[in-house]
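S.K.: What follows is a structure written as structure tokens; I'll ask about it next.
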Amino acid sequence: MEFDSRQTVIIAIIVLLIGKLLKKRVNFFQKYNIPEPVIGGILASLVFSSFYFAFESVISFSLEQRDALLVVFFTCVGLSAKLSTLMKGGKSLVILLAIATIFLIFQNITGIGIAWLTGLSDKVGVLGGSVSLSGGHGTAIAWAPVFVEKYGISNAVEIGIACATFGLVLGGVSGGPIFNYLSKKHHLKSQQEEVNIVGFSQEEKAKITVDTAYNVLLAVCIAIGIGLSLHELSLELGFKLPIFVPCLFGGIILTNTVPYLWKSVPWASGKPTLALLSDFSLGLFLAMSLMSLQLWTLIDLALPILLLLASQVLLAAFFAIFVVFIVLGKNYDAAVMASGYVGLGLGATPTAVANMTAVTQKCGPSTQAFIVIPLIGAFFIDIANAIIIQFFLS
């Protein structure tokens, strides 16, 4: 059973609304800041997987729009990034990159240790370490042929996808509790006065008009155009980046030039309309990603994966609380980045962003976190991970 683009969007909206409803009614989800798309998306994937077990019917979705939504979201992030905030984030970016590189090493050591305990090849430990967790589905699929052809692990694709899938889920539900623990223990509050980059209060809805919608749409489209040009340039120079990274930079370039060159032009940065578009695109992206998980492919590998993931979750939580938070300054931004880093280390950049979205909507903005974490996850960590994977396999 395959749903086309229009049907996929309809189902994703329903899934997202169910997640919002459940979060309002279930105290556990509110208490631990579980993202609404994660709630609805996981529930939907369980329901759709039950069709496979009951009727041997595979449900699939058309996901072309999903990647476009991610581009729009990160373009909105770029448009919200003032140069003063970026300058503050420069030091954090360098520090977090060093921390993340060290974490990759420990992640693979942990995977190898669990593989040894369960009688599996140490190469399976690497596959279930930074390849599939910090790397995500794309890295797991890209490296799978190497594990099959060179190391004889015939089910490398299934192992990689299984770890990446469960890591995505666990990373999404771990960030909120970690932030809650840090913020309560250290009495942390947001120090920013700007409008939150995602989410907005009821009072701010009155500021959203047709004119502000036009302004935001114009800015987003121009920024994406700049990003696409940067993407083509990077390909010519031999750098292959995810498309949303240059679009993020396109937004940064635009929002730090136009308002200063033409001060009379009404600008989108810091406006509730931009937050609305950001919320909309991220929510649908995550709902589509999680509801399309094919959980039935993971059954045969259940026990080793459970042991592996339990160990990796404990490692990621320890690292976030006792390394990331402390080294980044033990402030509100550091706590938000710690919640995002768990999603990044166990899942993917969108999971990290979902974690940070959930906590900042409730507790206040952290623009620095929405710049540093995506840049680490989208580009820098992939380079470090490739080097470390090669080292462990050799």
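Scheme for the structure tokens: letters A, B, ... for chains in order shown; per-chain residue numbers from 1; ligand numbers from 1 in order shown.
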Tell me which protein, DNA and RNA residues are within 10 Å of stretch 68-77 of chain A, counting only C-alpha atoms, leaving out same-chain ones fewer than 2 positions away, and put them as an MDAnalysis selection string.

M.R.: chainID A and resid 63:66 79:81 197:198 216 219:224 227 242:252 268:269 274:286 350 353 367 370:371 374

S.K.: Would you write out those residues with C-alpha atoms, as a short mmCIF file (atom, residue, chain, number, x, y, z; two decimals), in the first residue's frame?

M.R.:
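Written file, part26.cif:
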data_model
loop_
_atom_site.label_atom_id
_atom_site.label_comp_id
_atom_site.auth_asym_id
_atom_site.auth_seq_id
_atom_site.Cartn_x
_atom_site.Cartn_y
_atom_site.Cartn_z
CA LEU A 63 8.57 11.60 1.01
CA GLU A 64 9.79 14.11 -1.58
CA GLN A 65 8.22 17.02 0.32
CA ARG A 66 9.97 16.01 3.53
CA LEU A 79 17.22 34.15 8.92
CA SER A 80 16.96 34.28 12.72
CA ALA A 81 20.74 34.28 13.26
CA ILE A 197 13.11 30.77 16.75
CA VAL A 198 10.37 28.10 16.96
CA VAL A 216 8.79 36.17 5.44
CA ALA A 219 13.00 36.41 2.54
CA VAL A 220 12.86 32.59 2.69
CA CYS A 221 12.68 32.22 -1.09
CA ILE A 222 15.61 34.59 -1.67
CA ALA A 223 17.68 32.89 1.04
CA ILE A 224 17.01 29.46 -0.46
CA GLY A 227 21.73 28.60 -0.65
CA PRO A 242 23.46 18.37 2.66
CA ILE A 243 21.39 20.91 0.77
CA PHE A 244 20.01 22.52 3.92
CA VAL A 245 23.50 23.61 5.08
CA PRO A 246 24.12 26.18 2.31
CA CYS A 247 20.48 27.32 2.66
CA LEU A 248 21.18 27.92 6.36
CA PHE A 249 24.13 30.07 5.34
CA GLY A 250 21.95 31.80 2.74
CA GLY A 251 19.62 32.89 5.52
CA ILE A 252 22.54 34.05 7.68
CA ALA A 268 11.54 38.82 8.92
CA SER A 269 14.18 38.17 11.57
CA LEU A 274 9.04 33.39 10.86
CA ALA A 275 8.60 31.25 13.99
CA LEU A 276 5.25 30.04 12.62
CA LEU A 277 6.78 28.89 9.34
CA SER A 278 9.70 27.30 11.21
CA ASP A 279 7.31 25.39 13.51
CA PHE A 280 5.17 24.26 10.61
CA SER A 281 8.00 22.89 8.46
CA LEU A 282 9.88 21.14 11.29
CA GLY A 283 6.75 19.51 12.73
CA LEU A 284 5.70 18.01 9.40
CA PHE A 285 9.23 16.90 8.57
CA LEU A 286 9.57 14.94 11.81
CA PRO A 350 16.44 16.81 13.04
CA VAL A 353 16.51 20.17 16.67
CA THR A 367 19.45 31.02 19.07
CA PHE A 370 20.07 26.33 16.92
CA ILE A 371 23.19 27.47 15.08
CA PRO A 374 22.94 21.88 13.30
#

S.K.: What parts of stretch 14-131 of chain A does DSSP call alpha helix (DSSP H)? I'd like the answer as a PyMOL selection string.

M.R.: chain A and resi 14-25+27-31+36-55+64-79+83-117+122-126

S.K.: Would you please work out which residue, of A:Ser121, A:Ser130, A:Thr257, A:Ser60, is nearest to A:Thr101 when using only C-alpha atoms?

M.R.: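 That would be A:Ser130, the residue with the smallest distance to A:Thr101.
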
S.K.: Could you name the residues that touch A:Gly40 at 6 Å or less, counting only C-alpha atoms, but leaving out those on the same chain fewer than 3 positions away, as a list of chain:residue names?

M.R.: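 What passes the distance filter is A:Val15, A:Leu16, A:Ile18, A:Gly19, A:Pro37, A:Leu43.
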
S.K.: What is the atom CA of A:Pro35-atom CA of A:Leu344 distance in Å, reported with one decimal?

M.R.: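 Distance between the two atoms: 14.7 Å.
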
S.K.: Need to verify the contact set: A:Ala115, 12 Å, only C-alpha atoms, exclusion of same-chain residues closer than 2 positions in sequence. Can you return it as an MDAnalysis selection string?

M.R.: chainID A and resid 108:113 117:129 303:309 311

S.K.: Give me a file of those residues, with C-alpha atoms, as a compact mmCIF listing (two decimals), in the first residue's frame.

M.R.:
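Once written, selection04.txt looks like this:
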# COMPACT_ATOMS: atom_id res chain seq x y z
CA ASN A 108 32.67 2.83 19.01
CA ILE A 109 34.50 1.43 22.03
CA THR A 110 31.14 0.88 23.73
CA GLY A 111 29.74 -0.81 20.62
CA ILE A 112 32.74 -3.11 20.32
CA GLY A 113 32.45 -4.03 24.01
CA LEU A 117 29.78 -9.66 25.23
CA THR A 118 27.05 -10.92 22.89
CA GLY A 119 29.42 -12.98 20.74
CA LEU A 120 29.25 -10.77 17.67
CA SER A 121 32.08 -9.48 15.50
CA ASP A 122 33.81 -6.34 16.73
CA LYS A 123 32.99 -4.82 13.33
CA VAL A 124 29.31 -5.12 14.26
CA GLY A 125 30.14 -2.98 17.28
CA VAL A 126 31.47 -0.24 15.01
CA LEU A 127 28.40 -0.56 12.79
CA GLY A 128 26.20 -0.21 15.87
CA GLY A 129 28.36 2.64 17.14
CA LEU A 303 18.38 -8.63 22.06
CA PRO A 304 21.84 -7.50 20.88
CA ILE A 305 20.39 -4.19 19.72
CA LEU A 306 18.63 -3.59 23.04
CA LEU A 307 21.85 -4.17 24.97
CA LEU A 308 23.82 -2.02 22.58
CA LEU A 309 21.33 0.84 22.61
CA SER A 311 24.67 1.19 26.77

S.K.: At a cut-off of 8 Å, using only C-alpha atoms, what residues contact stretch 388-392 of chain A? Leave out same-chain residues fewer than 2 positions from it and give the result as a list in words.

M.R.: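 The residues satisfying every condition are Leu104, Ile105, Asn108, Val126, Ser130, Val131, Ala384, Asn385, Ala386 and Ser394 of chain A.
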
S.K.: So the first atom is atom CA of A:Lys207 and the second is atom CA of A:Met288; what is the distance between them in Å, to one decimal place?

M.R.: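 Separating atom CA of A:Lys207 from atom CA of A:Met288 is a distance of 29.5 Å.
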
S.K.: Return the single residue from A:His186, A:Ala302, A:Gly78, A:Ile114 that is closest to A:Ile226, with distances computed using only C-alpha atoms.

M.R.: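 Going through A:His186, A:Ala302, A:Gly78, A:Ile114 one by one, the smallest distance to A:Ile226 is for A:Gly78.
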
S.K.: Would you list the contacts of A:Val359 as number ranges by chain, taking every protein, DNA or RNA residue within 10 Å and counting only C-alpha atoms, but skipping same-chain residues closer than 6 positions in sequence?

M.R.: A: 32-35, 175-177, 179-180, 335-336, 339-340, 365-366

S.K.: Can you write just those residues out, N, CA and C atoms, as a short mmCIF file (atom, residue, chain, number, x, y, z; two decimals), in the first residue's frame?

M.R.:
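So the final result, stored in selection00.cif, reads:
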data_model
loop_
_atom_site.label_atom_id
_atom_site.label_comp_id
_atom_site.auth_asym_id
_atom_site.auth_seq_id
_atom_site.Cartn_x
_atom_site.Cartn_y
_atom_site.Cartn_z
N TYR A 32 8.38 15.65 30.72
CA TYR A 32 9.71 15.39 30.18
C TYR A 32 9.94 16.02 28.80
N ASN A 33 9.06 16.94 28.40
CA ASN A 33 9.25 17.69 27.16
C ASN A 33 9.46 16.79 25.94
N ILE A 34 8.66 15.74 25.83
CA ILE A 34 8.77 14.85 24.66
C ILE A 34 8.18 15.59 23.45
N PRO A 35 8.93 15.72 22.36
CA PRO A 35 8.43 16.47 21.19
C PRO A 35 7.15 15.86 20.63
N GLY A 175 16.26 13.86 25.31
CA GLY A 175 16.70 15.25 25.44
C GLY A 175 15.93 16.04 26.47
N GLY A 176 14.60 15.89 26.49
CA GLY A 176 13.77 16.63 27.42
C GLY A 176 14.10 16.34 28.88
N PRO A 177 14.14 15.07 29.29
CA PRO A 177 14.49 14.77 30.68
C PRO A 177 15.86 15.29 31.09
N PHE A 179 17.43 17.97 29.85
CA PHE A 179 17.31 19.42 30.03
C PHE A 179 16.60 19.75 31.34
N ASN A 180 15.52 19.03 31.64
CA ASN A 180 14.78 19.28 32.88
C ASN A 180 15.68 19.12 34.10
N ALA A 335 22.61 23.99 28.47
CA ALA A 335 21.61 22.96 28.78
C ALA A 335 20.78 22.62 27.55
N VAL A 336 20.42 23.63 26.76
CA VAL A 336 19.67 23.38 25.52
C VAL A 336 20.52 22.56 24.55
N SER A 339 20.68 18.94 25.56
CA SER A 339 19.48 18.20 25.15
C SER A 339 19.53 17.88 23.66
N GLY A 340 20.03 18.82 22.88
CA GLY A 340 20.15 18.58 21.44
C GLY A 340 21.24 17.59 21.11
N PRO A 365 13.97 31.17 24.31
CA PRO A 365 14.81 30.96 23.13
C PRO A 365 16.29 30.73 23.45
N SER A 366 16.96 30.07 22.49
CA SER A 366 18.40 29.89 22.53
C SER A 366 18.90 29.82 21.10
#

S.K.: Restricting the calculation to only C-alpha atoms: of A:Phe61, A:Phe325, A:Trp116, A:Tyr341, which residue gets closest to A:Ser45?

M.R.: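 The answer is A:Phe61, which sits nearest to A:Ser45.
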
S.K.: Between A:Leu314, A:Gln107, A:Phe380, A:Ala12, which has the minimum distance to A:Phe239 (counting only C-alpha atoms)?

M.R.: A:Phe380

S.K.: Show me, as a PyMOL selection string, the residues that have an atom within 7 Å of A:Gly172 when counting only C-alpha atoms, minus same-chain residues fewer than 6 positions from it.

M.R.: chain A and resi 38+343+351+355

S.K.: Output N, CA and C atoms of each residue in that selection to a file, as a short mmCIF file (atom, residue, chain, number, x, y, z; two decimals), in the first residue's frame.

M.R.:
data_model
loop_
_atom_site.label_atom_id
_atom_site.label_comp_id
_atom_site.auth_asym_id
_atom_site.auth_seq_id
_atom_site.Cartn_x
_atom_site.Cartn_y
_atom_site.Cartn_z
N VAL A 38 7.46 13.43 17.73
CA VAL A 38 7.99 12.13 18.16
C VAL A 38 6.86 11.27 18.74
N GLY A 343 20.16 13.99 21.09
CA GLY A 343 19.48 13.65 19.84
C GLY A 343 20.45 13.49 18.69
N THR A 351 16.47 15.25 14.94
CA THR A 351 16.10 14.83 16.29
C THR A 351 16.65 15.81 17.31
N ASN A 355 14.42 18.12 19.91
CA ASN A 355 14.64 18.21 21.36
C ASN A 355 14.76 19.67 21.80
#

S.K.: Taking into account only C-alpha atoms, which residue in the set A:Val372, A:Leu315, A:Ile383, A:Leu393 is nearest to A:Lys91?

M.R.: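 Looking only at the distances to A:Lys91, the closest residue turns out to be A:Val372.
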
S.K.: Out of A:Leu290, A:Thr273, A:Ser174, A:Lys20, which residue has the shortest atom-to-atom distance to A:Ala320 when counting only C-alpha atoms?

M.R.: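 Nearest candidate to A:Ala320 out of A:Leu290, A:Thr273, A:Ser174, A:Lys20: A:Ser174.
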
S.K.: Just how far from atom CA of A:Ala140 is atom CA of A:Ala317, in Å to one decimal?

M.R.: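 Computing it gives 22.2 Å between the two atoms.
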